[in-house]
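Q: Here it is, the structure, as structure tokens.
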Amino acid sequence: MNESVMPFGWGGITFLVCYLIGLLFIGWLGGRAKKDNSLRDFYLGGKGVGMVVLLLTLYATQYSGNTMFGFSGKAYRVGFSWITSVHFMTAIIVGYLLFAPGLHRLSRKHQFITPNDFLNHRYHHRGINIVAPILMILALGNYLLAQLMAMGRALQGLTTMPPETAYIVGVVLLAGIMLVYETMGGFRAVAWTDVLQGVILMIGFSILIFLIWTQFGGIAETTQKLFNSSDADRVKVLPPDPLGSRRWLSYILIFGLGASLYPQAVQRIYAARSTKVLRNSLIAMVFLPLMTSWIAVMVGVTGAAHFQGLDGSQTDRILTIICREVQQSSTLGYWLVVILFSAILGALMSTADSCMLTISSMTTKDLYLRFINPKATESQLTFMGKWLSWLVVGILAGFAIYLNSLSSKPTLVKLLDLKFDMLVQLAPGFMLGMHWKRLHGTAVFWGLITGLCVTFGLYSNEWIQSTGFHHGLFGLLANLIVAISLSLMPLSNREQLCHTPKKAA
């Protein structure tokens, strides 16, 4: 039997089917609970959510296929140095605290729906209103693509179908289920499924690590086995060299600033019932990297010690391979893996539909309503957003299948890096703009354009790659220099009138 295939059997497959049907039922309940056909009700759940739902929907959004499959695959490739993932996932909470409480208060006062609503309220700049939504849509499209690829790779390990066939079925089937319950229930369906998946993931991953250590030995045994292996594997247990240390710092900065600006996360900040609920949820999230990222790292290094020979995108399946061994070890292991993988598949869909909700809201409200049809009603926009979700997911699903057919398949972490290089350019507009009144729209716009040009202009520069820092951080530095310099210059009276929020409102 192929080592990446987990023989679920009819019992496991039946449970998985029932679980997916349960997600559809939650979507139906979400649709029944809607108060009206408004944008706020469909995209934010109406009057807001409480702490438990907010915490778990933020958790499910932040920890997705990139964490489960991508982080364990990265740890397989580089070893214990990927423990930095715990640090940079914690840094995201610091990023939230730089702007989230103030943003939430403004969102309740001015009824923000999309992330760009804040930028429009703060700067009233046409260029920002065009570039920022497009940038966020492209970044989310990248993230959604990674989730669809993870869905396909997950199903490759659940059936005995040929890998290519299983991948296609996984992408199409799971994307279809996701679209159905998201269309029925909107944000409520997403948030309610997040609660179920979040609880199962936290409990399941905690039990899984103990079963893995029982099966393969603990950290000490894994470390010794890697150290006694080839030179390539021995490096995986050594402290990072200077280049590796710079990469640590780079990941902490790019994640702390970029991931806290996930557009779907910004919408969840809007959806909090109160600022107190938001703060308490963020405080609780500080402990979650230890329950998810750290365990993903342990899975990856354990796999590197016991299942050698994987490379490239194959390493993203190490979680599946490890779970197969745990599943075959005992009845407890079997059912734990069945339940855990059901939750992982649900988390993939939940993260993907969060991206999809935000993409459709920004496309309809920030682009279509503002620039194409200002007279469109909220019912028309909601209807358009639902069908737009199907179109975009269909296109990206086709692209995910195409990428899997290539001889050199991209890894999930590679897609992750590209997304953050783009999102981090929004940090001055959100984080600096929340606290520095002198920052104005023209400065933010030209800083954003400069940052993007520098970021993508450096992608082919070998020296930049050798520094260990993400391209997006060099772009952010240029972005900040331009934005701050222009804001410190004297503005004409006309510019002051255009860029002061209170006068322009």
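Ligands are numbered from 1 in the order shown, chains are lettered A, B, ... in the order of the structure tokens, and residues start at 1 in each chain.
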Using only C-alpha atoms, which protein or nucleic acid residues come within 12 Å of Gly309 of chain A? Drop anything in the same chain fewer than 4 positions from it, and give the result as an MDAnalysis selection string.
A: chainID A and resid 76:77 230 232:233 303:305 314:315 318
Q: Taking 2 positions as the minimum chain separation for residues in the same chain, which residues sit within 8 Å of Ser38 of chain A when counting only C-alpha atoms? Answer as an mmCIF file with C-alpha atoms, in the first residue's frame.
A:
data_model
loop_
_atom_site.group_PDB
_atom_site.id
_atom_site.type_symbol
_atom_site.label_atom_id
_atom_site.label_comp_id
_atom_site.auth_asym_id
_atom_site.auth_seq_id
_atom_site.Cartn_x
_atom_site.Cartn_y
_atom_site.Cartn_z
ATOM 1 C CA ASP A 36 -32.613 40.584 6.499
ATOM 2 C CA ARG A 40 -24.009 43.544 7.096
ATOM 3 C CA ASP A 41 -26.191 40.564 7.918
ATOM 4 C CA PHE A 42 -24.695 38.306 5.215
ATOM 5 C CA GLU A 378 -28.067 45.815 -0.912
ATOM 6 C CA SER A 379 -30.215 42.865 -1.998
ATOM 7 C CA THR A 382 -25.755 40.285 -1.805
#
Q: What lies within 10 Å of segment 124-134 of chain A using only C-alpha atoms, ignoring chain neighbours under 3 positions off, as a PyMOL selection string?
A: chain A and resi 114-121+137-140+263+359+362-363+365-367+370-371+423+425-426+429+440-442+444-446+448-449+498-501+504-505
Q: Tell me which protein, DNA and RNA residues are within 10 Å of Leu253 of chain A, counting only C-alpha atoms, leaving out same-chain ones fewer than 6 positions away, and put them as a list in words.
A: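 Using only C-alpha atoms, the neighbours found are Phe88, Ala91, Ile92, Gly95, Arg247, Ala259, Val424, Phe469, His470 and Leu473 of chain A.
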Q: Since we have the selection now, will you write its residues out, keeping N, CA and C atoms, as a JSON list (two decimals), in the first residue's frame?
A:
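Everything below was put into part.json:
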[["chain", "number", "residue", "atom", "x", "y", "z"],
["A", 88, "PHE", "N", 6.08, 33.59, 15.24],
["A", 88, "PHE", "CA", 5.42, 34.53, 14.34],
["A", 88, "PHE", "C", 3.90, 34.42, 14.38],
["A", 91, "ALA", "N", 3.19, 36.66, 17.14],
["A", 91, "ALA", "CA", 3.39, 38.05, 16.73],
["A", 91, "ALA", "C", 2.15, 38.62, 16.04],
["A", 92, "ILE", "N", 1.33, 37.76, 15.45],
["A", 92, "ILE", "CA", 0.11, 38.23, 14.81],
["A", 92, "ILE", "C", -0.80, 38.92, 15.83],
["A", 95, "GLY", "N", 0.33, 42.32, 16.34],
["A", 95, "GLY", "CA", -0.12, 43.13, 15.21],
["A", 95, "GLY", "C", -1.56, 43.56, 15.36],
["A", 247, "ARG", "N", 16.21, 34.87, 8.82],
["A", 247, "ARG", "CA", 14.94, 34.36, 8.31],
["A", 247, "ARG", "C", 13.90, 34.29, 9.42],
["A", 259, "ALA", "N", -0.24, 39.06, 8.55],
["A", 259, "ALA", "CA", -1.37, 38.19, 8.88],
["A", 259, "ALA", "C", -2.42, 38.92, 9.70],
["A", 424, "VAL", "N", 1.52, 43.04, 3.59],
["A", 424, "VAL", "CA", 2.28, 43.86, 4.53],
["A", 424, "VAL", "C", 2.37, 45.31, 4.05],
["A", 469, "PHE", "N", 15.79, 37.96, 4.31],
["A", 469, "PHE", "CA", 14.58, 38.75, 4.58],
["A", 469, "PHE", "C", 13.62, 38.67, 3.40],
["A", 470, "HIS", "N", 12.34, 38.68, 3.72],
["A", 470, "HIS", "CA", 11.32, 38.66, 2.68],
["A", 470, "HIS", "C", 11.38, 39.91, 1.81],
["A", 473, "LEU", "N", 9.41, 42.98, 3.04],
["A", 473, "LEU", "CA", 9.94, 43.86, 4.08],
["A", 473, "LEU", "C", 10.76, 45.00, 3.47]]
Q: What does the distance from atom CA of Met178 of chain A to atom CA of Met291 of chain A come to in Å, to one decimal?
A: 25.6 Å
Q: Could you give me, as number ranges by chain, the residues within 9 Å of Pro239 of chain A, counting only C-alpha atoms and dropping anything in the same chain fewer than 4 positions from it?
A: A: 80-81, 235, 244-245
Q: Put those residues in a file: C-alpha atoms, as a compact mmCIF listing (two decimals), in the first residue's frame.
A:
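Heads up, here's the output in again_10.txt:
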# COMPACT_ATOMS: atom_id res chain seq x y z
CA PHE A 80 13.54 22.34 14.49
CA SER A 81 14.37 25.84 13.23
CA VAL A 235 21.33 20.18 10.04
CA GLY A 244 18.64 31.25 9.46
CA SER A 245 18.38 33.75 12.31
Q: Restrict the calculation to only C-alpha atoms, then for each residue of segment 28-82 of chain A with any atom at most 9 Å from an atom of segment 270-290 of chain A give the closest atom pair and their distance in Å to one decimal, rows by chain and rising residue number, as CSV.
A:
residue,atom,partner,partner_atom,distance
A:Tyr43,CA,A:Ala271,CA,8.9
A:Leu44,CA,A:Ala271,CA,5.3
A:Gly45,CA,A:Ala271,CA,7.0
A:Gly46,CA,A:Ala271,CA,7.9
A:Lys47,CA,A:Arg273,CA,6.7
A:Gly48,CA,A:Arg273,CA,4.2
A:Val49,CA,A:Arg273,CA,5.0
A:Gly50,CA,A:Arg273,CA,5.8
A:Met51,CA,A:Val277,CA,5.1
A:Val52,CA,A:Ser281,CA,7.5
A:Leu54,CA,A:Ala272,CA,6.6
A:Leu55,CA,A:Ser281,CA,4.9
A:Leu56,CA,A:Ser281,CA,8.7
A:Leu58,CA,A:Met285,CA,8.4
A:Tyr59,CA,A:Met285,CA,7.3
A:Tyr63,CA,A:Pro289,CA,8.9
Q: Those same residues - C-alpha atoms - I'd like them written as a tab-separated table (two decimals), in the first residue's frame.
A:
chain	number	residue	atom	x	y	z
A	43	TYR	CA	-21.03	39.31	5.60
A	44	LEU	CA	-20.81	40.13	9.35
A	45	GLY	CA	-23.68	38.25	10.98
A	46	GLY	CA	-25.74	41.31	11.92
A	47	LYS	CA	-25.23	42.79	15.38
A	48	GLY	CA	-22.01	40.93	16.18
A	49	VAL	CA	-20.75	37.74	17.79
A	50	GLY	CA	-19.69	36.87	21.33
A	51	MET	CA	-16.26	35.93	22.64
A	52	VAL	CA	-16.36	32.14	22.12
A	54	LEU	CA	-15.20	35.25	17.73
A	55	LEU	CA	-12.21	33.44	19.27
A	56	LEU	CA	-12.83	30.21	17.39
A	58	LEU	CA	-10.39	33.90	14.33
A	59	TYR	CA	-8.60	30.67	15.25
A	63	TYR	CA	-4.86	28.23	11.33
Q: Using only C-alpha atoms, pick whichever of A:Tyr19, A:Gly152, A:Cys453, A:Met136 has the shortest atom-to-atom distance to Thr165 of chain A.
A: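 Nearest to Thr165 of chain A: A:Gly152.
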Q: Considering only C-alpha atoms, can you say which of A:Val78, A:Leu23, A:Leu403, A:Ala352 comes closest to Ile168 of chain A?
A: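 Smallest separation from Ile168 of chain A among the options: A:Leu403.
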Q: As an MDAnalysis selection string, list the residues of segment 123-315 of chain A assigned to alpha helix (DSSP H) by DSSP on the backbone atoms of this structure.
A: chainID A and resid 123 126:156 163:216 219:227 231:234 242:258 263:271 275:285 288:291 293:306
Q: Quick one: distance from atom CA of Asp316 of chain A to atom CA of Met149 of chain A in Å, one decimal?
A: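 Taking atom CA of Asp316 of chain A as the start and atom CA of Met149 of chain A as the end point, the length is 10.5 Å.
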Q: One decimal, Å: what's the distance from atom CA of Leu145 of chain A over to atom CA of Leu396 of chain A, could you say?
A: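 Computing the Euclidean distance for atom CA of Leu145 of chain A and atom CA of Leu396 of chain A yields 5.9 Å.
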Q: A:Lys35, A:Lys419, A:Lys225, A:Arg153: which is nearest Gly258 of chain A, counting only C-alpha atoms?
A: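 Closest residue, counting only C-alpha atoms: A:Lys419.
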Q: Identify, on the basis of only C-alpha atoms, every residue whose closest approach to Thr84 of chain A does not exceed 8 Å; exclude the query and any residue fewer than 4 positions from it along the same chain; express the result as an MDAnalysis selection string.
A: chainID A and resid 88 248 251:252
Q: Selection from above, C-alpha atoms, as an mmCIF file, in the first residue's frame, can you write it?
A:
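Saved as out.cif:
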data_model
loop_
_atom_site.group_PDB
_atom_site.id
_atom_site.type_symbol
_atom_site.label_atom_id
_atom_site.label_comp_id
_atom_site.auth_asym_id
_atom_site.auth_seq_id
_atom_site.Cartn_x
_atom_site.Cartn_y
_atom_site.Cartn_z
ATOM 1 C CA PHE A 88 5.417 34.532 14.335
ATOM 2 C CA TRP A 248 13.429 33.918 11.782
ATOM 3 C CA TYR A 251 9.039 35.681 9.337
ATOM 4 C CA ILE A 252 8.152 37.245 12.685
#
Q: Point out the residue among A:Ala189, A:Ile200, A:Leu20, A:Met68 with the least atom-to-atom distance to Leu173 of chain A, counting only C-alpha atoms.
A: A:Leu20
